[in-house]
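With compact mmCIF, C-alpha atoms inside, this is upload-v1.txt:
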# COMPACT_ATOMS: atom_id res chain seq x y z
CA MET Z 1 194.45 -19.47 60.22
CA LYS Z 2 196.13 -18.68 63.50
CA VAL Z 3 199.65 -19.62 64.45
CA LYS Z 4 201.75 -18.89 67.51
CA ILE Z 5 205.13 -17.35 66.73
CA THR Z 6 207.93 -17.43 69.29
CA PHE Z 7 210.95 -15.23 68.67
CA TYR Z 8 214.35 -16.04 70.08
CA GLY Z 9 217.50 -14.07 70.79
CA HIS Z 10 218.18 -11.19 68.44
CA ALA Z 11 214.80 -11.69 66.74
CA ALA Z 12 212.93 -11.23 70.04
CA ASP Z 13 214.97 -8.09 70.62
CA VAL Z 14 213.94 -6.61 67.26
CA VAL Z 15 210.28 -7.59 67.58
CA LYS Z 16 210.26 -6.50 71.23
CA SER Z 17 208.21 -9.54 72.11
CA ASN Z 18 208.90 -13.18 72.80
CA SER Z 19 205.67 -14.55 71.48
CA VAL Z 20 202.71 -13.44 69.36
CA GLU Z 21 199.63 -15.02 67.82
CA SER Z 22 199.07 -14.11 64.19
CA ASP Z 23 196.21 -14.70 61.81
CA PHE Z 24 197.22 -15.32 58.20
CA GLY Z 25 193.84 -15.84 56.56
CA ASP Z 26 193.53 -18.90 54.32
CA ARG Z 27 196.99 -20.36 54.12
CA ILE Z 28 200.62 -19.53 54.40
CA SER Z 29 203.80 -21.54 54.15
CA ALA Z 30 206.74 -21.45 56.55
CA TYR Z 31 208.84 -19.44 54.10
CA GLY Z 32 205.88 -17.15 53.40
CA LEU Z 33 205.64 -16.47 57.11
CA LYS Z 34 209.36 -15.74 57.29
CA LYS Z 35 209.06 -13.31 54.40
CA SER Z 36 206.13 -11.51 56.04
CA ILE Z 37 208.11 -11.17 59.28
CA GLN Z 38 211.08 -9.74 57.39
CA VAL Z 39 208.84 -7.27 55.56
CA LYS Z 40 207.35 -6.14 58.85
CA TYR Z 41 210.72 -6.01 60.61
CA PRO Z 42 213.35 -5.07 57.98
CA GLN Z 43 216.13 -5.47 60.55
CA LEU Z 44 215.43 -9.19 60.46
CA SER Z 45 216.11 -9.39 56.73
CA THR Z 46 219.78 -8.65 57.40
CA ILE Z 47 220.28 -11.74 59.57
CA GLU Z 48 219.84 -15.38 58.66
CA LEU Z 49 216.64 -16.72 60.22
CA LYS Z 50 215.82 -20.38 60.64
CA LEU Z 51 212.35 -21.62 61.46
CA ALA Z 52 211.01 -24.56 63.39
CA VAL Z 53 207.40 -25.72 63.15
CA ASN Z 54 206.15 -27.49 66.28
CA ASN Z 55 209.80 -27.85 67.31
CA LYS Z 56 210.94 -29.50 64.10
CA MET Z 57 213.50 -27.57 62.08
CA VAL Z 58 212.20 -26.46 58.69
CA VAL Z 59 214.55 -27.77 56.01
CA LYS Z 60 212.19 -27.25 53.08
CA ASP Z 61 209.09 -25.12 52.77
CA VAL Z 62 205.86 -26.53 54.26
CA ASP Z 63 202.31 -25.25 54.54
CA LEU Z 64 201.37 -24.21 58.04
CA ASN Z 65 198.29 -25.45 59.84
CA ASP Z 66 195.97 -23.77 62.28
CA GLY Z 67 197.48 -23.86 65.76
CA ASP Z 68 201.05 -24.50 64.62
CA GLU Z 69 203.79 -23.18 66.85
CA ILE Z 70 206.56 -21.48 64.95
CA SER Z 71 210.01 -20.71 66.35
CA VAL Z 72 211.93 -17.90 64.71
CA LEU Z 73 215.61 -18.59 65.29
CA PRO Z 74 218.42 -16.13 64.53
CA PRO Z 75 221.99 -17.43 64.05
CA PHE Z 76 222.95 -19.78 66.86
CA SER Z 77 225.60 -18.51 69.25
CA GLY Z 78 226.00 -21.05 72.00
CA GLY Z 79 229.30 -21.83 73.67
CA MET H 80 226.19 -50.34 75.25
CA GLU H 81 222.82 -49.79 77.00
CA GLN H 82 224.17 -46.64 78.60
CA LYS H 83 224.93 -45.13 75.22
CA LEU H 84 221.33 -45.27 74.00
CA ARG H 85 219.70 -43.02 76.54
CA LYS H 86 216.94 -40.52 75.86
CA PRO H 87 217.67 -36.79 75.59
CA LYS H 88 218.91 -35.45 78.87
CA PRO H 89 218.56 -31.75 79.65
CA ILE H 90 221.88 -30.02 79.05
CA PHE H 91 221.00 -26.68 80.60
CA LYS H 92 222.12 -25.33 83.96
CA GLN H 93 220.92 -22.02 85.29
CA GLY H 94 223.84 -19.60 85.51
CA ALA H 95 227.54 -20.47 85.45
CA ILE H 96 228.85 -24.03 85.62
CA SER H 97 230.80 -24.18 88.86
CA ALA H 98 234.36 -25.42 89.19
CA GLU H 99 233.10 -27.59 92.06
CA SER H 100 230.56 -29.40 89.88
CA ILE H 101 233.26 -29.98 87.27
CA GLY H 102 235.54 -31.42 89.96
CA VAL H 103 232.78 -33.74 91.15
CA SER H 104 232.13 -34.83 87.57
CA ILE H 105 235.80 -35.78 87.14
CA ALA H 106 235.88 -37.61 90.49
CA ASN H 107 232.78 -39.61 89.51
CA HIS H 108 234.81 -41.32 86.79
CA GLN H 109 237.44 -42.85 89.03
CA SER H 110 235.43 -46.06 89.26
CA LYS H 111 235.27 -46.42 85.47
CA THR H 112 238.64 -48.05 85.06
CA GLU H 113 238.19 -48.96 81.41
CA ILE H 114 238.73 -45.27 80.65
CA GLY H 115 242.25 -44.28 79.65
CA ALA H 116 241.67 -40.73 78.47
CA HIS H 117 239.36 -37.85 79.25
CA ASN H 118 239.06 -34.77 77.14
CA ILE H 119 237.36 -31.73 78.60
CA PHE H 120 236.35 -28.54 76.88
CA MET H 121 235.26 -25.61 78.97
CA GLY H 122 233.88 -22.47 77.38
CA GLN H 123 234.55 -19.37 79.45
CA VAL H 124 232.92 -15.98 79.00
CA ARG H 125 235.57 -13.67 77.60
CA ALA H 126 235.62 -9.97 78.50
CA ASP H 127 235.89 -8.82 74.89
CA GLU H 128 236.39 -5.11 74.39
CA ILE H 129 234.31 -3.69 71.56
CA GLU H 130 234.50 0.00 70.71
CA GLY H 131 235.82 0.82 74.16
CA LYS H 132 233.17 -1.19 76.01
CA LYS H 133 233.95 -4.37 77.87
CA VAL H 134 231.71 -7.46 77.96
CA ALA H 135 230.66 -8.01 81.59
CA ALA H 136 228.49 -11.10 81.03
CA ILE H 137 226.69 -13.18 78.45
CA GLU H 138 223.02 -13.93 78.95
CA TYR H 139 222.02 -17.19 77.29
CA THR H 140 218.57 -18.14 76.06
CA ALA H 141 217.55 -21.14 73.98
CA ASN H 142 214.76 -23.10 72.48
CA GLU H 143 215.42 -25.69 75.14
CA GLU H 144 213.50 -28.57 73.62
CA LEU H 145 215.13 -28.16 70.21
CA ALA H 146 218.57 -27.63 71.73
CA ASN H 147 218.28 -30.72 73.92
CA GLU H 148 217.26 -32.74 70.88
CA ALA H 149 220.07 -31.30 68.75
CA VAL H 150 222.66 -32.10 71.39
CA PHE H 151 221.22 -35.57 71.84
CA ALA H 152 221.61 -36.20 68.10
CA ILE H 153 225.19 -34.90 68.22
CA ARG H 154 225.88 -37.15 71.19
CA GLU H 155 224.55 -40.20 69.36
CA GLN H 156 226.58 -39.34 66.26
CA ALA H 157 229.72 -39.01 68.39
CA PHE H 158 229.13 -42.45 69.95
CA GLU H 159 228.72 -43.89 66.44
CA LYS H 160 231.82 -42.20 65.12
CA TYR H 161 234.27 -42.67 67.99
CA ASP H 162 235.11 -45.34 70.56
CA LEU H 163 233.76 -43.59 73.66
CA THR H 164 232.94 -44.77 77.14
CA CYS H 165 230.81 -41.82 78.24
CA MET H 166 230.04 -38.20 77.66
CA HIS H 167 228.63 -35.28 79.65
CA ILE H 168 227.52 -31.99 78.17
CA TYR H 169 226.26 -28.92 80.05
CA HIS H 170 225.47 -25.43 78.81
CA SER H 171 224.45 -22.41 80.82
CA LEU H 172 221.19 -20.52 80.59
CA GLY H 173 220.75 -17.01 81.97
CA ALA H 174 223.59 -14.68 82.89
CA VAL H 175 227.18 -15.88 83.11
CA LYS H 176 229.78 -13.31 84.14
CA ALA H 177 233.11 -12.82 82.36
CA GLY H 178 235.55 -15.40 83.66
CA GLU H 179 232.86 -17.95 84.47
CA ILE H 180 232.25 -21.24 82.66
CA CYS H 181 229.27 -21.45 80.29
CA LEU H 182 229.91 -24.74 78.47
CA PHE H 183 231.31 -28.02 79.72
CA ILE H 184 231.98 -30.99 77.45
CA PHE H 185 233.51 -34.05 79.07
CA VAL H 186 234.35 -37.02 76.85
CA SER H 187 235.91 -40.26 78.06
CA SER H 188 237.40 -43.10 76.07
CA PRO H 189 239.82 -45.98 76.47
CA ARG H 190 242.22 -44.07 74.15
CA ARG H 191 243.27 -40.43 73.81
CA ASN H 192 242.69 -39.92 70.08
CA ALA H 193 239.01 -40.82 70.28
CA ALA H 194 238.48 -38.56 73.30
CA ASN H 195 240.30 -35.63 71.67
CA ASP H 196 238.62 -35.94 68.27
CA ALA H 197 235.14 -36.50 69.72
CA CYS H 198 235.39 -33.50 72.02
CA ARG H 199 236.25 -31.19 69.13
CA TYR H 200 233.53 -32.72 66.95
CA ILE H 201 230.91 -32.22 69.65
CA LEU H 202 231.96 -28.64 70.36
CA GLU H 203 231.81 -27.56 66.73
CA ALA H 204 228.48 -29.32 66.21
CA ILE H 205 226.90 -27.69 69.27
CA LYS H 206 227.96 -24.24 68.13
CA LYS H 207 226.50 -24.88 64.69
CA GLU H 208 223.36 -26.89 65.42
CA ALA H 209 221.99 -26.07 68.88
CA PRO H 210 219.55 -23.13 68.99
CA ILE H 211 221.23 -21.27 71.83
CA PHE H 212 221.61 -17.50 71.79
CA GLY H 213 224.16 -15.38 73.63
CA LYS H 214 223.54 -11.74 74.48
CA GLU H 215 226.78 -9.95 75.32
CA ILE H 216 226.07 -7.45 78.05
CA PHE H 217 228.54 -4.60 78.44
CA GLU H 218 229.57 -2.94 81.67
CA ASP H 219 227.28 0.02 80.87
CA SER H 220 224.29 -2.39 80.50
CA THR H 221 224.01 -1.98 76.71
CA HIS H 222 224.22 -5.20 74.72
CA GLN H 223 224.93 -6.84 71.39
CA TRP H 224 224.15 -10.31 70.11
CA LYS H 225 227.03 -12.73 70.11
CA VAL H 226 228.05 -14.16 66.74
CA ASN H 227 229.86 -17.48 66.50
CA ASN H 228 232.77 -17.53 64.09

Let's see the structure in the file written out as structure tokens.
Amino acid sequence: MKVKITFYGHAADVVKSNSVESDFGDRISAYGLKKSIQVKYPQLSTIELKLAVNNKMVVKDVDLNDGDEISVLPPFSGG
Amino acid sequence: MEQKLRKPKPIFKQGAISAESIGVSIANHQSKTEIGAHNIFMGQVRADEIEGKKVAAIEYTANEELANEAVFAIREQAFEKYDLTCMHIYHSLGAVKAGEICLFIFVSSPRRNAANDACRYILEAIKKEAPIFGKEIFEDSTHQWKVNN
């Protein structure tokens, strides 16, 4: 199952990429994906990450579907 | 009332928000004579000094679609909550130098209390809910990620 992951702000800095496509085999949930990102990039486990799936904020865990677009959002710092 | 139920409008401007555009925005309200009070918030990039290095600029990025939707929701909530005539919100994208304006919130109401309270409400909500990210760039070109307090 392939999803497109877009990293923003500090997260893009750590990952050194704005956007990647990842294959997660059978199934993965939004929180599972977050966990796998934080395992791969330990620096991201020290900041609070929010996720959006297809530009909807994730407020409780959901299973991801093939082709979903995931935004990985570090703490907001507008203004 | 029709004016208050508009669809999300892009809030982002590339680079700094100019004093001229702010002046024009104020002038555009002179025909709306039901207004008795405006409240304006302008965020300016501060040249913070951190460990001997001075912030020269902040470079803003965002998930624009999500941020526009978040600000639209905040705008609708503010219209529900306060007696407002109109509201204009702009945020910068890209680099904004120290001393330049990066956020402009302009709230108008028949009465001052509604304008004052709404402006503060909107500002705090944008900082908390809009996925916008500020990279503080120091004079020596190193950077750190801005954190909102």

Counting only C-alpha atoms, chain H residues within 7 Å of chain Z, as an MDAnalysis selection string:
chainID H and resid 122 140 145 181:182 206:207 209:213 224:227

For a test of reading the model, state the distance in Å between atom CA of H:Lys88 and atom CA of H:Glu208, rounded to one decimal.
16.6 Å

Shell of 10 Å around Z:Gln43, only C-alpha atoms, local chain residues under 6 positions omitted, as a ChimeraX atom specification:
/Z:10-11,14-15,37

Do you know which residues lie at most 8 Å from (207.2, -19.5, 56.5), with coordinates as in the file and all atoms listed in the file counted, and could you write them as a PyMOL selection string?
chain Z and resi 28-35+51+61-64

Atom CA of H:Pro89 to atom CA of H:Val186 measures 16.9 Å

Identify which of the residues H:Ala177, H:Ile205, H:Ile153, H:Ile184 lies closest to H:Val124, counting all atoms listed in the file when measuring atom-to-atom distances.
H:Ala177

Kindly give the distance, in Å, that separates atom CA of Z:Ile70 and atom CA of H:Val175, rounded to a single decimal.
28.0 Å

Near H:Asn192, within 12 Å and counting only C-alpha atoms, which residues show up once chain neighbours fewer than 3 positions away are dropped, as a VMD selection string?
chain H and resid 115 to 118 161 to 163 186 to 189 195 to 199

Taking only C-alpha atoms into account, which of H:Ala141, H:Ala126, H:Ile180, H:Ile114 comes nearest H:Thr164?
H:Ile114

Starting from 5 Å padding per side, set up an axis-aligned box that covers all listed atoms of stretch 150-163 of chain H and hand over centre and edge lengths in Å, one decimal, as JSON.
{"center_x": 228.2, "center_y": -38.7, "center_z": 69.4, "size_x": 23.9, "size_y": 23.2, "size_z": 18.5}

Can you list, as a ChimeraX atom specification, every protein, DNA or RNA residue that comes within 7 Å of Z:Asp23 when you count all atoms listed in the file, leaving out same-chain residues fewer than 3 positions away?
/Z:1-3

Mind completing stretch 17-46 of chain Z with N, CA and C atoms? Output as a CSV table (one decimal), keeping the file's coordinate frame, please?
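The result, written out as result_22.csv:
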chain,number,residue,atom,x,y,z
Z,17,SER,N,209.2,-8.6,71.5
Z,17,SER,CA,208.2,-9.5,72.1
Z,17,SER,C,208.8,-10.9,72.0
Z,18,ASN,N,208.4,-11.8,72.9
Z,18,ASN,CA,208.9,-13.2,72.8
Z,18,ASN,C,207.9,-14.0,72.0
Z,19,SER,N,206.7,-13.7,72.1
Z,19,SER,CA,205.7,-14.6,71.5
Z,19,SER,C,204.4,-13.8,71.0
Z,20,VAL,N,203.9,-14.1,69.8
Z,20,VAL,CA,202.7,-13.4,69.4
Z,20,VAL,C,201.8,-14.5,68.7
Z,21,GLU,N,200.5,-14.2,68.6
Z,21,GLU,CA,199.6,-15.0,67.8
Z,21,GLU,C,199.3,-14.2,66.6
Z,22,SER,N,199.4,-14.8,65.4
Z,22,SER,CA,199.1,-14.1,64.2
Z,22,SER,C,198.1,-14.9,63.4
Z,23,ASP,N,197.2,-14.1,62.7
Z,23,ASP,CA,196.2,-14.7,61.8
Z,23,ASP,C,196.6,-14.4,60.4
Z,24,PHE,N,196.7,-15.5,59.6
Z,24,PHE,CA,197.2,-15.3,58.2
Z,24,PHE,C,196.2,-15.7,57.2
Z,25,GLY,N,194.9,-15.6,57.5
Z,25,GLY,CA,193.8,-15.8,56.6
Z,25,GLY,C,193.8,-17.3,56.1
Z,26,ASP,N,193.7,-17.5,54.8
Z,26,ASP,CA,193.5,-18.9,54.3
Z,26,ASP,C,194.7,-19.8,54.6
Z,27,ARG,N,195.8,-19.5,54.0
Z,27,ARG,CA,197.0,-20.4,54.1
Z,27,ARG,C,198.3,-19.6,53.9
Z,28,ILE,N,199.3,-20.1,54.6
Z,28,ILE,CA,200.6,-19.5,54.4
Z,28,ILE,C,201.6,-20.7,54.6
Z,29,SER,N,202.7,-20.5,54.0
Z,29,SER,CA,203.8,-21.5,54.2
Z,29,SER,C,204.8,-21.0,55.2
Z,30,ALA,N,205.7,-21.9,55.6
Z,30,ALA,CA,206.7,-21.4,56.6
Z,30,ALA,C,207.6,-20.3,56.0
Z,31,TYR,N,208.0,-20.5,54.7
Z,31,TYR,CA,208.8,-19.4,54.1
Z,31,TYR,C,208.1,-18.2,53.9
Z,32,GLY,N,206.8,-18.3,53.6
Z,32,GLY,CA,205.9,-17.2,53.4
Z,32,GLY,C,205.8,-16.4,54.7
Z,33,LEU,N,205.7,-17.1,55.8
Z,33,LEU,CA,205.6,-16.5,57.1
Z,33,LEU,C,206.9,-15.7,57.4
Z,34,LYS,N,208.1,-16.4,57.1
Z,34,LYS,CA,209.4,-15.7,57.3
Z,34,LYS,C,209.4,-14.4,56.5
Z,35,LYS,N,209.0,-14.5,55.3
Z,35,LYS,CA,209.1,-13.3,54.4
Z,35,LYS,C,208.2,-12.2,55.0
Z,36,SER,N,207.0,-12.5,55.5
Z,36,SER,CA,206.1,-11.5,56.0
Z,36,SER,C,206.7,-10.9,57.3
Z,37,ILE,N,207.4,-11.7,58.1
Z,37,ILE,CA,208.1,-11.2,59.3
Z,37,ILE,C,209.2,-10.2,58.9
Z,38,GLN,N,210.0,-10.6,57.8
Z,38,GLN,CA,211.1,-9.7,57.4
Z,38,GLN,C,210.6,-8.4,56.7
Z,39,VAL,N,209.4,-8.5,56.1
Z,39,VAL,CA,208.8,-7.3,55.6
Z,39,VAL,C,208.4,-6.3,56.7
Z,40,LYS,N,207.8,-6.9,57.7
Z,40,LYS,CA,207.4,-6.1,58.8
Z,40,LYS,C,208.5,-5.6,59.7
Z,41,TYR,N,209.5,-6.4,59.8
Z,41,TYR,CA,210.7,-6.0,60.6
Z,41,TYR,C,212.0,-6.1,59.7
Z,42,PRO,N,212.2,-5.0,59.0
Z,42,PRO,CA,213.4,-5.1,58.0
Z,42,PRO,C,214.7,-5.4,58.6
Z,43,GLN,N,214.9,-5.1,59.9
Z,43,GLN,CA,216.1,-5.5,60.6
Z,43,GLN,C,216.4,-7.0,60.5
Z,44,LEU,N,215.3,-7.7,60.5
Z,44,LEU,CA,215.4,-9.2,60.5
Z,44,LEU,C,215.8,-9.8,59.1
Z,45,SER,N,215.7,-8.9,58.1
Z,45,SER,CA,216.1,-9.4,56.7
Z,45,SER,C,217.6,-9.4,56.6
Z,46,THR,N,218.3,-8.7,57.5
Z,46,THR,CA,219.8,-8.6,57.4
Z,46,THR,C,220.5,-9.8,58.2
